[in-house]
file final.cif (mmCIF, C-alpha atoms)
data_final
loop_
_atom_site.group_PDB
_atom_site.id
_atom_site.type_symbol
_atom_site.label_atom_id
_atom_site.label_comp_id
_atom_site.auth_asym_id
_atom_site.auth_seq_id
_atom_site.Cartn_x
_atom_site.Cartn_y
_atom_site.Cartn_z
ATOM 1 C CA MET A 832 -68.194 -42.251 -133.983
ATOM 2 C CA THR A 833 -67.923 -38.729 -132.593
ATOM 3 C CA ALA A 834 -64.100 -38.444 -132.617
ATOM 4 C CA LYS A 835 -62.908 -35.718 -134.984
ATOM 5 C CA THR A 836 -66.465 -34.739 -135.813
ATOM 6 C CA ILE A 837 -69.029 -32.160 -134.836
ATOM 7 C CA GLU A 838 -72.420 -33.844 -134.706
ATOM 8 C CA TYR A 839 -74.847 -31.449 -136.348
ATOM 9 C CA PHE A 840 -78.566 -31.891 -135.698
ATOM 10 C CA TYR A 841 -80.708 -29.424 -137.637
ATOM 11 C CA SER A 842 -83.733 -28.944 -139.828
ATOM 12 C CA ALA A 843 -83.198 -28.311 -143.536
ATOM 13 C CA HIS A 844 -85.311 -25.143 -143.273
ATOM 14 C CA SER A 845 -84.084 -23.764 -139.945
ATOM 15 C CA ALA A 846 -83.409 -20.021 -139.794
ATOM 16 C CA PHE A 847 -80.864 -20.342 -137.036
ATOM 17 C CA ALA A 848 -79.104 -23.258 -138.726
ATOM 18 C CA TYR A 849 -78.750 -20.964 -141.739
ATOM 19 C CA LEU A 850 -77.385 -18.106 -139.671
ATOM 20 C CA GLY A 851 -74.683 -20.351 -138.219
ATOM 21 C CA SER A 852 -74.034 -22.482 -141.293
ATOM 22 C CA LYS A 853 -70.912 -20.815 -142.676
ATOM 23 C CA ARG A 854 -69.511 -20.161 -139.228
ATOM 24 C CA VAL A 855 -69.765 -23.745 -138.012
ATOM 25 C CA MET A 856 -68.046 -24.909 -141.201
ATOM 26 C CA GLU A 857 -65.205 -22.460 -140.580
ATOM 27 C CA ILE A 858 -64.877 -23.618 -136.981
ATOM 28 C CA ALA A 859 -64.909 -27.283 -137.979
ATOM 29 C CA ALA A 860 -62.240 -26.748 -140.637
ATOM 30 C CA ALA A 861 -59.980 -24.796 -138.268
ATOM 31 C CA ALA A 862 -60.263 -27.542 -135.663
ATOM 32 C CA GLY A 863 -59.674 -30.348 -138.143
ATOM 33 C CA ARG A 864 -63.147 -31.721 -137.532
ATOM 34 C CA LYS A 865 -65.743 -32.992 -139.976
ATOM 35 C CA LEU A 866 -69.373 -31.979 -139.739
ATOM 36 C CA LEU A 867 -71.537 -35.046 -139.264
ATOM 37 C CA HIS A 868 -74.857 -33.983 -140.755
ATOM 38 C CA LYS A 869 -77.938 -35.312 -138.969
ATOM 39 C CA PRO A 870 -80.994 -33.638 -140.499
ATOM 40 C CA VAL A 871 -84.119 -34.197 -138.414
ATOM 41 C CA HIS A 872 -87.879 -33.744 -138.584
ATOM 42 C CA LEU A 873 -88.010 -30.836 -136.187
ATOM 43 C CA GLY A 874 -91.663 -30.995 -135.149
ATOM 44 C CA PRO A 875 -91.450 -34.270 -133.194
ATOM 45 C CA VAL A 876 -88.118 -33.206 -131.666
ATOM 46 C CA VAL A 877 -89.587 -29.978 -130.321
ATOM 47 C CA SER A 878 -92.771 -31.711 -129.148
ATOM 48 C CA ALA A 879 -90.844 -34.407 -127.285
ATOM 49 C CA VAL A 880 -89.344 -31.834 -124.915
ATOM 50 C CA GLY A 881 -92.587 -29.931 -124.447
ATOM 51 C CA GLY A 882 -91.766 -27.143 -126.883
ATOM 52 C CA LYS A 883 -94.448 -25.166 -128.704
ATOM 53 C CA THR A 884 -95.088 -25.256 -132.412
ATOM 54 C CA PHE A 885 -94.798 -22.021 -134.354
ATOM 55 C CA ALA A 886 -98.582 -21.663 -134.364
ATOM 56 C CA GLN A 887 -98.728 -22.079 -130.567
ATOM 57 C CA ARG A 888 -96.255 -19.292 -129.826
ATOM 58 C CA THR A 889 -97.470 -15.842 -128.841
ATOM 59 C CA PRO A 890 -97.210 -13.011 -131.385
ATOM 60 C CA GLN A 891 -94.702 -11.324 -129.075
ATOM 61 C CA HIS A 892 -92.481 -14.415 -129.008
ATOM 62 C CA VAL A 893 -92.626 -14.792 -132.771
ATOM 63 C CA ALA A 894 -91.907 -11.100 -133.368
ATOM 64 C CA TYR A 895 -88.811 -11.240 -131.184
ATOM 65 C CA PHE A 896 -87.242 -14.648 -131.766
ATOM 66 C CA PHE A 897 -88.254 -15.028 -135.408
ATOM 67 C CA GLY A 898 -87.985 -11.359 -136.249
ATOM 68 C CA ARG A 899 -85.606 -9.153 -134.319
ATOM 69 C CA GLU A 900 -83.248 -11.957 -133.290
ATOM 70 C CA ILE A 901 -82.879 -13.127 -136.873
ATOM 71 C CA GLU A 902 -82.216 -9.549 -138.000
ATOM 72 C CA ARG A 903 -79.536 -9.051 -135.346
ATOM 73 C CA TRP A 904 -77.730 -12.299 -136.007
ATOM 74 C CA ALA A 905 -77.948 -11.898 -139.776
ATOM 75 C CA GLU A 906 -76.211 -8.554 -139.433
ATOM 76 C CA PHE A 907 -73.630 -9.938 -136.994
ATOM 77 C CA ARG A 908 -72.815 -12.952 -139.177
ATOM 78 C CA ASN A 909 -73.093 -10.934 -142.415
ATOM 79 C CA VAL A 910 -75.732 -13.298 -143.779
ATOM 80 C CA PRO A 911 -78.466 -12.039 -146.141
ATOM 81 C CA VAL A 912 -82.043 -12.876 -145.103
ATOM 82 C CA ILE A 913 -85.527 -12.001 -146.256
ATOM 83 C CA ASP A 914 -87.539 -9.855 -143.847
ATOM 84 C CA PHE A 915 -90.494 -12.230 -143.513
ATOM 85 C CA ARG A 916 -91.194 -15.871 -142.771
ATOM 86 C CA PRO A 917 -90.509 -17.898 -145.944
ATOM 87 C CA THR A 918 -93.596 -18.543 -148.019
ATOM 88 C CA TYR A 919 -93.028 -22.299 -148.197
ATOM 89 C CA HIS A 920 -91.744 -22.765 -144.668
ATOM 90 C CA ASP A 921 -94.457 -25.258 -143.712
ATOM 91 C CA GLU A 922 -93.943 -27.598 -146.654
ATOM 92 C CA ASP A 923 -92.630 -31.151 -146.196
ATOM 93 C CA MET A 924 -88.826 -31.038 -145.953
ATOM 94 C CA THR A 925 -88.295 -34.804 -146.114
ATOM 95 C CA LEU A 926 -86.776 -34.841 -149.600
ATOM 96 C CA ALA A 927 -84.345 -32.002 -148.877
ATOM 97 C CA SER A 928 -83.300 -33.660 -145.618
ATOM 98 C CA CYS A 929 -82.833 -37.047 -147.257
ATOM 99 C CA MET A 930 -80.792 -35.519 -150.080
ATOM 100 C CA LEU A 931 -78.360 -34.240 -147.450
ATOM 101 C CA ILE A 932 -78.136 -37.699 -145.883
ATOM 102 C CA ALA A 933 -77.600 -39.286 -149.293
ATOM 103 C CA ALA A 934 -74.915 -36.748 -150.178
ATOM 104 C CA GLN A 935 -73.050 -37.482 -146.962
ATOM 105 C CA ASN A 936 -73.369 -41.233 -147.499
ATOM 106 C CA GLN A 937 -71.860 -40.869 -150.969
ATOM 107 C CA GLY A 938 -68.937 -38.766 -149.784
ATOM 108 C CA LEU A 939 -70.220 -35.682 -151.602
ATOM 109 C CA ASP A 940 -69.976 -32.128 -150.301
ATOM 110 C CA ALA A 941 -72.887 -32.194 -147.860
ATOM 111 C CA ASP A 942 -71.597 -28.995 -146.240
ATOM 112 C CA ARG A 943 -72.045 -26.902 -149.367
ATOM 113 C CA LEU A 944 -75.333 -28.541 -150.274
ATOM 114 C CA ALA A 945 -76.755 -27.987 -146.779
ATOM 115 C CA HIS A 946 -75.729 -24.344 -146.813
ATOM 116 C CA LEU A 947 -77.157 -23.793 -150.274
ATOM 117 C CA ILE A 948 -80.526 -25.325 -149.348
ATOM 118 C CA LEU A 949 -80.758 -23.178 -146.227
ATOM 119 C CA GLU A 950 -79.572 -20.110 -148.122
ATOM 120 C CA VAL A 951 -82.083 -20.203 -150.966
ATOM 121 C CA HIS A 952 -84.893 -20.748 -148.465
ATOM 122 C CA TRP A 953 -83.969 -17.793 -146.240
ATOM 123 C CA ARG A 954 -82.348 -15.461 -148.764
ATOM 124 C CA ASP A 955 -84.465 -16.086 -151.861
ATOM 125 C CA ASP A 956 -87.770 -17.395 -150.403
ATOM 126 C CA ALA A 957 -87.369 -20.554 -152.489
ATOM 127 C CA ASP A 958 -89.511 -23.655 -152.084
ATOM 128 C CA ILE A 959 -86.976 -26.250 -150.949
ATOM 129 C CA SER A 960 -89.627 -28.973 -150.990
ATOM 130 C CA ASP A 961 -89.756 -28.687 -154.798
ATOM 131 C CA PRO A 962 -87.848 -31.581 -156.450
ATOM 132 C CA SER A 963 -87.063 -29.462 -159.518
ATOM 133 C CA LEU A 964 -85.422 -26.781 -157.392
ATOM 134 C CA LEU A 965 -83.478 -29.381 -155.415
ATOM 135 C CA ARG A 966 -82.234 -30.924 -158.650
ATOM 136 C CA ASN A 967 -81.035 -27.518 -159.829
ATOM 137 C CA LEU A 968 -79.242 -26.878 -156.538
ATOM 138 C CA ALA A 969 -77.422 -30.204 -156.720
ATOM 139 C CA ALA A 970 -76.462 -29.616 -160.349
ATOM 140 C CA SER A 971 -75.073 -26.182 -159.466
ATOM 141 C CA LEU A 972 -72.598 -27.972 -157.200
ATOM 142 C CA ASP A 973 -71.665 -30.475 -159.934
ATOM 143 C CA ILE A 974 -73.586 -33.230 -158.153
ATOM 144 C CA ASP A 975 -75.614 -35.646 -160.303
ATOM 145 C CA PRO A 976 -79.134 -34.603 -159.301
ATOM 146 C CA ASP A 977 -80.961 -37.678 -160.567
ATOM 147 C CA SER A 978 -78.666 -40.054 -158.714
ATOM 148 C CA LEU A 979 -78.942 -38.033 -155.526
ATOM 149 C CA ILE A 980 -82.747 -37.811 -155.684
ATOM 150 C CA GLU A 981 -82.972 -41.532 -156.360
ATOM 151 C CA SER A 982 -80.750 -42.308 -153.379
ATOM 152 C CA ALA A 983 -82.695 -39.899 -151.160
ATOM 153 C CA GLN A 984 -85.878 -41.840 -151.816
ATOM 154 C CA THR A 985 -84.484 -45.248 -150.857
ATOM 155 C CA PRO A 986 -85.788 -46.960 -147.699
ATOM 156 C CA ALA A 987 -82.296 -46.916 -146.168
ATOM 157 C CA VAL A 988 -81.941 -43.147 -146.394
ATOM 158 C CA GLN A 989 -85.530 -42.580 -145.284
ATOM 159 C CA HIS A 990 -84.803 -44.808 -142.284
ATOM 160 C CA THR A 991 -81.710 -42.745 -141.438
ATOM 161 C CA TYR A 992 -83.833 -39.593 -141.412
ATOM 162 C CA GLN A 993 -86.241 -41.245 -138.973
ATOM 163 C CA ALA A 994 -83.316 -42.571 -136.925
ATOM 164 C CA ASN A 995 -81.749 -39.095 -136.736
ATOM 165 C CA THR A 996 -85.027 -37.755 -135.386
ATOM 166 C CA ALA A 997 -85.315 -40.563 -132.827
ATOM 167 C CA GLU A 998 -81.688 -40.058 -131.784
ATOM 168 C CA ALA A 999 -82.233 -36.325 -131.324
ATOM 169 C CA ILE A 1000 -85.206 -37.047 -129.072
ATOM 170 C CA ALA A 1001 -83.256 -39.639 -127.094
ATOM 171 C CA ARG A 1002 -80.394 -37.181 -126.573
ATOM 172 C CA SER A 1003 -82.699 -34.355 -125.422
ATOM 173 C CA VAL A 1004 -82.145 -32.128 -128.440
ATOM 174 C CA PHE A 1005 -84.780 -29.396 -128.261
ATOM 175 C CA GLY A 1006 -84.138 -27.215 -131.273
ATOM 176 C CA SER A 1007 -82.217 -26.496 -134.448
ATOM 177 C CA PRO A 1008 -79.302 -26.264 -134.725
ATOM 178 C CA THR A 1009 -77.786 -28.416 -131.998
ATOM 179 C CA TYR A 1010 -74.132 -29.436 -132.027
ATOM 180 C CA PHE A 1011 -72.370 -32.151 -130.052
ATOM 181 C CA ILE A 1012 -68.651 -31.884 -129.350
ATOM 182 C CA ASP A 1013 -67.384 -35.198 -127.991
ATOM 183 C CA GLY A 1014 -70.828 -35.845 -126.553
ATOM 184 C CA ASP A 1015 -71.250 -32.371 -125.053
ATOM 185 C CA MET A 1016 -74.416 -30.675 -126.333
ATOM 186 C CA HIS A 1017 -74.461 -27.049 -127.478
ATOM 187 C CA TYR A 1018 -77.841 -25.673 -128.558
ATOM 188 C CA GLY A 1019 -78.102 -22.757 -130.934
ATOM 189 C CA GLN A 1020 -75.853 -20.969 -133.406
ATOM 190 C CA ASP A 1021 -75.386 -18.273 -130.771
ATOM 191 C CA HIS A 1022 -73.133 -20.778 -128.968
ATOM 192 C CA LEU A 1023 -70.716 -21.231 -131.865
ATOM 193 C CA GLU A 1024 -68.086 -19.039 -130.241
ATOM 194 C CA LEU A 1025 -68.260 -21.274 -127.154
ATOM 195 C CA ILE A 1026 -67.818 -24.303 -129.416
ATOM 196 C CA GLU A 1027 -64.800 -22.645 -130.995
ATOM 197 C CA ARG A 1028 -63.394 -22.015 -127.529
ATOM 198 C CA ALA A 1029 -63.972 -25.626 -126.478
ATOM 199 C CA LEU A 1030 -62.271 -26.972 -129.596
ATOM 200 C CA SER A 1031 -59.260 -24.720 -129.089
ATOM 201 C CA GLY A 1032 -58.712 -26.233 -125.629
#
call {"tool": "encode", "arguments": {"input": "final.cif", "output": "structure tokens"}}
result
Amino acid sequence: MTAKTIEYFYSAHSAFAYLGSKRVMEIAAAAGRKLLHKPVHLGPVVSAVGGKTFAQRTPQHVAYFFGREIERWAEFRNVPVIDFRPTYHDEDMTLASCMLIAAQNQGLDADRLAHLILEVHWRDDADISDPSLLRNLAASLDIDPDSLIESAQTPAVQHTYQANTAEAIARSVFGSPTYFIDGDMHYGQDHLELIERALSG
């Protein structure tokens, strides 16, 4: 299952998944690996390992990790970001996550769709829980939006989303993004250069 892949656990609205999105795709392509998208419901994953919700973090922690760190990495990775927490960041991301699962199941370009969803959330402050917006994003990639939305709402895809979350918990994932290379866990987009090193032997 994991041979020739990079297992990619992330939330569809994760800032740090966005910051590393293009880079992990470049690394995967150079190594001849396919990204195996495993969108998760991040709240239960974080809670399972004793992590704090956003609301439970101190103002100092939020200002640094969700302010200055994002600014630094955005500059380093040459990724445009808004300078505030997205307006719709606390909305339900189930539909966006399940669209990514459906796209992967159908052999569509889940990489580009995942990046675009993350990008409009963190660059444009878009509401990625809005079905109309998600339809427009899919259509912009020449993906049939109605078919993808319909598939995303099926019990099978919804079950996969739940299973991804349960798998992340079982494998001690504690944040987004987390990558597995042949079973070896790497947490955080700030470890992408170490992943590149590992894949190069």
call {"tool": "closest_atom_pairs", "arguments": {"input": "final.cif", "of": "region 931-982 of chain A", "to": "region 855-859 of chain A", "cutoff": "10 Å", "atoms": "all atoms listed in the file", "output": "Markdown table"}}
result
| residue | atom | partner | partner_atom | distance |
| --- | --- | --- | --- | --- |
| A:Asp942 | CA | A:Met856 | CA | 7.4 |
| A:Arg943 | CA | A:Met856 | CA | 9.3 |
| A:His946 | CA | A:Met856 | CA | 9.5 |
call {"tool": "resolve_selection", "arguments": {"input": "final.cif", "expression": "the PyMOL selection byres ((chain A and resi 923-935) around 10)", "output": "ChimeraX atom specification"}}
result
/A:841-844,866-873,919-922,936-945,948-949,958-962,965-966,969,974,976,978-985,987-993,995
call {"tool": "atom_distance", "arguments": {"input": "final.cif", "atom1": "CA of Ala862 (chain A)", "atom2": "CA of Lys835 (chain A)"}}
result
8.6 Å
call {"tool": "closest_atom_pairs", "arguments": {"input": "final.cif", "of": "region 842-895 of chain A", "to": "region 912-915 of chain A", "cutoff": "10 Å", "atoms": "only C-alpha atoms", "output": "CSV"}}
result
residue,atom,partner,partner_atom,distance
A:Ala846,CA,A:Val912,CA,9.0
A:Tyr849,CA,A:Val912,CA,9.4
A:Leu850,CA,A:Val912,CA,8.9
call {"tool": "closest_residue", "arguments": {"input": "final.cif", "among": "A:Leu1023, A:Ala994, A:Ile1000, A:Leu968", "to": "Lys853 (chain A)", "atoms": "only C-alpha atoms"}}
result
A:Leu1023
call {"tool": "residues_around", "arguments": {"input": "final.cif", "residues": "region 1025-1027 of chain A", "least_positions_apart": "3", "cutoff": "12 Å", "atoms": "only C-alpha atoms", "output": "NGL selection string"}}
result
:A and (837-838 or 851 or 854-864 or 1009-1013 or 1015-1022 or 1030-1032)
call {"tool": "residues_around", "arguments": {"input": "final.cif", "residues": "Ala957 (chain A)", "least_positions_apart": "2", "cutoff": "8 Å", "atoms": "only C-alpha atoms", "output": "list in words"}}
result
Pro917, Thr918, Tyr919, Val951, His952, Trp953, Asp955 and Ile959 of chain A
call {"tool": "write_last_selection", "arguments": {"input": "final.cif", "atoms": "C-alpha atoms", "output": "mmCIF file, keeping the file's coordinate frame"}}
result
data_model
loop_
_atom_site.group_PDB
_atom_site.id
_atom_site.type_symbol
_atom_site.label_atom_id
_atom_site.label_comp_id
_atom_site.auth_asym_id
_atom_site.auth_seq_id
_atom_site.Cartn_x
_atom_site.Cartn_y
_atom_site.Cartn_z
ATOM 1 C CA PRO A 917 -90.509 -17.898 -145.944
ATOM 2 C CA THR A 918 -93.596 -18.543 -148.019
ATOM 3 C CA TYR A 919 -93.028 -22.299 -148.197
ATOM 4 C CA VAL A 951 -82.083 -20.203 -150.966
ATOM 5 C CA HIS A 952 -84.893 -20.748 -148.465
ATOM 6 C CA TRP A 953 -83.969 -17.793 -146.240
ATOM 7 C CA ASP A 955 -84.465 -16.086 -151.861
ATOM 8 C CA ILE A 959 -86.976 -26.250 -150.949
#
call {"tool": "atom_distance", "arguments": {"input": "final.cif", "atom1": "CA of Phe847 (chain A)", "atom2": "CA of Asp973 (chain A)"}}
result
26.7 Å
call {"tool": "closest_atom_pairs", "arguments": {"input": "final.cif", "of": "region 858-967 of chain A", "to": "region 1003-1008 of chain A", "cutoff": "7 Å", "atoms": "all atoms listed in the file", "output": "CSV"}}
result
residue,atom,partner,partner_atom,distance
A:Val876,CA,A:Phe1005,CA,6.1
A:Val877,CA,A:Phe1005,CA,5.3
A:Val880,CA,A:Phe1005,CA,6.2
call {"tool": "closest_residue", "arguments": {"input": "final.cif", "among": "A:Trp904, A:Leu947, A:Phe897, A:Ala999", "to": "Leu964 (chain A)", "atoms": "all atoms listed in the file"}}
result
A:Leu947
